[in-house]
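Student: Structure incoming, see below.
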Amino acid sequence: MESMTSYEASVVDESQFTVRRTIRIAAPVEKVWSAVTDAEHISKWFGKAVFEGAGVGARGTLTFEGYGVVPLRIEARDEPRLVSYRWGNDDASGTLPEEVDEHSTVFTFTLEPIAGGTQLTVVETGFDATSDPAANMESHREGWDIELDKLVALLEGGA
């Protein structure tokens, strides 16, 4: 099967304080949904994920080697189309909070079935509340490029 992967890079919208990336993955929506919501699957491509529950309001953490433990909370969930996470990941502040706080951002995965697979869009918002919006948007733009490329490799590699 020919890869339909679209590797368009993440885009920063400085006026809206958002980072957005849309990719196409040659995998069904159900498989992509599991990859962005199931802690065991998230741990294979993103950070080591731990959740206390799966519904809206559930708390958890993402642990990144050499970076630390990032707190997160599920903000919205509409299976298998949309999931939002709030995380306390302010790269520019130099410290990680124990809980998500007023300086946290929200990233939302939206999944759409398309011919031959899934279109996945991530939009991260709320950078205007962080310590250095421009630096954080750039850092997270780079991060989404790296992490979502890993997700595509995992899903299209048959893992």
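Please note that chains go A, B, ... in the order of the structure tokens, that every chain numbers its residues from 1, and that ligands are numbered from 1 in the order shown.
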Within chain A, find each residue whose DSSP state, derived from the backbone, is helix (DSSP H, G or I), and express the selection as an MDAnalysis selection string.

Tutor: chainID A and resid 29:37 39:45 91:93 127:129 133:156

Student: Per residue of stretch 124-156 of chain A within 12 Å of stretch 26-46 of chain A, which atom pair is closest and at what distance in Å (one decimal), using only C-alpha atoms, listed by chain and increasing number, as a tab-separated table?

Tutor:
residue	atom	partner	partner_atom	distance
A:Gly143	CA	A:Phe46	CA	9.8
A:Trp144	CA	A:Phe46	CA	9.6
A:Asp145	CA	A:Phe46	CA	11.5
A:Ile146	CA	A:Phe46	CA	9.3
A:Glu147	CA	A:Phe46	CA	5.9
A:Leu148	CA	A:Trp45	CA	8.0
A:Asp149	CA	A:Trp45	CA	8.9
A:Lys150	CA	A:Trp45	CA	5.6
A:Leu151	CA	A:Trp45	CA	5.4
A:Val152	CA	A:Ala26	CA	8.3
A:Ala153	CA	A:Trp45	CA	8.9
A:Leu154	CA	A:Trp45	CA	7.2
A:Leu155	CA	A:Ala27	CA	6.5
A:Glu156	CA	A:Ala26	CA	6.1

Student: Report, in Å to a single decimal, how far apart atom CA of A:Gly88 and atom CA of A:Ala54 are.

Tutor: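 Computing it gives 18.5 Å between the two atoms.
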
Student: I want to know what sits within 8 Å of stretch 8-22 of chain A, based on only C-alpha atoms, with residues of the same chain fewer than 3 positions away left out; could you give that as a list in words?

Tutor: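 The contact residues come out as Gln119, Leu120, Thr121, Val122, Val123, Glu124, Thr125, Gly126, Phe127, Asp128, Pro133, Ala134, Met137, Glu138, His140, Arg141, Glu142, Trp144 and Asp145 of chain A.
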
Student: Can I get the selection written as a JSON list (two decimals), in the first residue's frame, with C-alpha atoms?

Tutor:
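Once everything was written out, this is again.json:
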[["chain", "number", "residue", "atom", "x", "y", "z"],
["A", 119, "GLN", "CA", -6.86, 13.25, 8.48],
["A", 120, "LEU", "CA", -5.53, 14.30, 11.88],
["A", 121, "THR", "CA", -5.37, 17.95, 12.90],
["A", 122, "VAL", "CA", -3.79, 19.17, 16.10],
["A", 123, "VAL", "CA", -4.42, 22.72, 17.27],
["A", 124, "GLU", "CA", -2.73, 24.03, 20.41],
["A", 125, "THR", "CA", -4.16, 27.23, 21.91],
["A", 126, "GLY", "CA", -3.61, 29.49, 24.90],
["A", 127, "PHE", "CA", -0.03, 30.56, 24.31],
["A", 128, "ASP", "CA", -0.97, 34.13, 25.24],
["A", 133, "PRO", "CA", 4.25, 33.26, 23.86],
["A", 134, "ALA", "CA", 6.53, 33.59, 20.84],
["A", 137, "MET", "CA", 4.78, 28.71, 20.03],
["A", 138, "GLU", "CA", 8.03, 28.12, 18.14],
["A", 140, "HIS", "CA", 5.75, 23.61, 20.29],
["A", 141, "ARG", "CA", 5.63, 24.06, 16.49],
["A", 142, "GLU", "CA", 8.91, 22.14, 16.28],
["A", 144, "TRP", "CA", 4.45, 18.80, 16.89],
["A", 145, "ASP", "CA", 6.48, 18.27, 13.72]]

Student: Using only C-alpha atoms, which residues sit within 9 Å of A:Glu98 once same-chain residues fewer than 5 positions away are excluded, as a PyMOL selection string?

Tutor: chain A and resi 69-71+88

Student: What separation in Å, quoted to one decimal, exists between atom CA of A:Tyr67 and atom CA of A:Ile23?

Tutor: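 Atom-to-atom, atom CA of A:Tyr67 to atom CA of A:Ile23, that is 25.9 Å.
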
Student: Considering only C-alpha atoms, state which residue in the set A:Ile25, A:Phe51, A:Arg73, A:Ser131 is at the smallest distance from A:Asp91.

Tutor: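 Using only C-alpha atoms, A:Asp91 sits closest to A:Ser131.
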
Student: Atom CA of A:Pro113 and atom CA of A:Val56 are how many Å apart?

Tutor: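 Between atom CA of A:Pro113 and atom CA of A:Val56 the gap works out to 23.4 Å.
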
Student: Name all residues at most 10 Å from A:Gly57 (count only C-alpha atoms; drop same-chain ones fewer than 3 positions away) and give them as a ChimeraX atom specification.

Tutor: /A:52-54,60,72-77,85-86

Student: Give me a file of those residues, with N, CA and C atoms, as a PDB file, in the first residue's frame.

Tutor:
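Generated output (selection07.pdb):
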ATOM      1  N   GLU A  52      -5.440   8.941  35.102  1.00  0.00           N
ATOM      2  CA  GLU A  52      -6.334   8.459  36.153  1.00  0.00           C
ATOM      3  C   GLU A  52      -7.747   8.598  35.609  1.00  0.00           C
ATOM      4  N   GLY A  53      -8.183   7.613  34.823  1.00  0.00           N
ATOM      5  CA  GLY A  53      -9.480   7.683  34.179  1.00  0.00           C
ATOM      6  C   GLY A  53      -9.346   8.083  32.728  1.00  0.00           C
ATOM      7  N   ALA A  54     -10.489   8.071  31.995  1.00  0.00           N
ATOM      8  CA  ALA A  54     -10.448   8.352  30.558  1.00  0.00           C
ATOM      9  C   ALA A  54     -11.434   9.441  30.155  1.00  0.00           C
ATOM     10  N   GLY A  60      -3.647  13.363  34.434  1.00  0.00           N
ATOM     11  CA  GLY A  60      -2.571  12.456  34.119  1.00  0.00           C
ATOM     12  C   GLY A  60      -1.271  13.209  33.958  1.00  0.00           C
ATOM     13  N   LEU A  72      -1.267  16.926  32.904  1.00  0.00           N
ATOM     14  CA  LEU A  72      -2.296  17.208  31.913  1.00  0.00           C
ATOM     15  C   LEU A  72      -3.661  16.771  32.416  1.00  0.00           C
ATOM     16  N   ARG A  73      -4.684  17.288  31.745  1.00  0.00           N
ATOM     17  CA  ARG A  73      -6.075  16.998  32.095  1.00  0.00           C
ATOM     18  C   ARG A  73      -6.875  16.910  30.804  1.00  0.00           C
ATOM     19  N   ILE A  74      -7.787  15.930  30.730  1.00  0.00           N
ATOM     20  CA  ILE A  74      -8.648  15.803  29.555  1.00  0.00           C
ATOM     21  C   ILE A  74      -9.738  16.871  29.649  1.00  0.00           C
ATOM     22  N   GLU A  75      -9.818  17.727  28.635  1.00  0.00           N
ATOM     23  CA  GLU A  75     -10.758  18.851  28.630  1.00  0.00           C
ATOM     24  C   GLU A  75     -12.039  18.545  27.872  1.00  0.00           C
ATOM     25  N   ALA A  76     -11.928  17.740  26.802  1.00  0.00           N
ATOM     26  CA  ALA A  76     -13.088  17.414  25.966  1.00  0.00           C
ATOM     27  C   ALA A  76     -12.813  16.076  25.306  1.00  0.00           C
ATOM     28  N   ARG A  77     -13.906  15.339  25.029  1.00  0.00           N
ATOM     29  CA  ARG A  77     -13.742  14.028  24.402  1.00  0.00           C
ATOM     30  C   ARG A  77     -15.030  13.694  23.664  1.00  0.00           C
ATOM     31  N   TYR A  85      -6.634  18.037  25.375  1.00  0.00           N
ATOM     32  CA  TYR A  85      -5.854  17.924  26.603  1.00  0.00           C
ATOM     33  C   TYR A  85      -5.329  19.305  26.997  1.00  0.00           C
ATOM     34  N   ARG A  86      -5.401  19.632  28.282  1.00  0.00           N
ATOM     35  CA  ARG A  86      -4.738  20.831  28.814  1.00  0.00           C
ATOM     36  C   ARG A  86      -3.461  20.353  29.484  1.00  0.00           C
TER      37      ARG A  86
END

Student: Taking into account only C-alpha atoms, which residue in the set A:Gly68, A:Gly157, A:Gly47, A:Gly55 is nearest to A:Leu96?

Tutor: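 Answer, going by the shortest atom-to-atom distance: A:Gly68.
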
Student: Just checking: using only C-alpha atoms, which residue out of A:Thr118, A:Thr110, A:Ser139, A:Thr130 ends up closest to A:Trp87?

Tutor: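 Among the listed residues, A:Thr130 lies closest to A:Trp87.
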
Student: List as a PyMOL selection string the protein and nucleic acid residues near A:Glu102, meaning an atom at most 8 Å away when only C-alpha atoms are counted, but skip any in the same chain fewer than 2 places from it.

Tutor: chain A and resi 100+104+129

Student: Please run DSSP on the backbone and report, as a PyMOL selection string, all residues within stretch 30-155 of chain A that come out as strand (DSSP E).

Tutor: chain A and resi 48-52+59-64+68-78+82-87+105-114+117-125
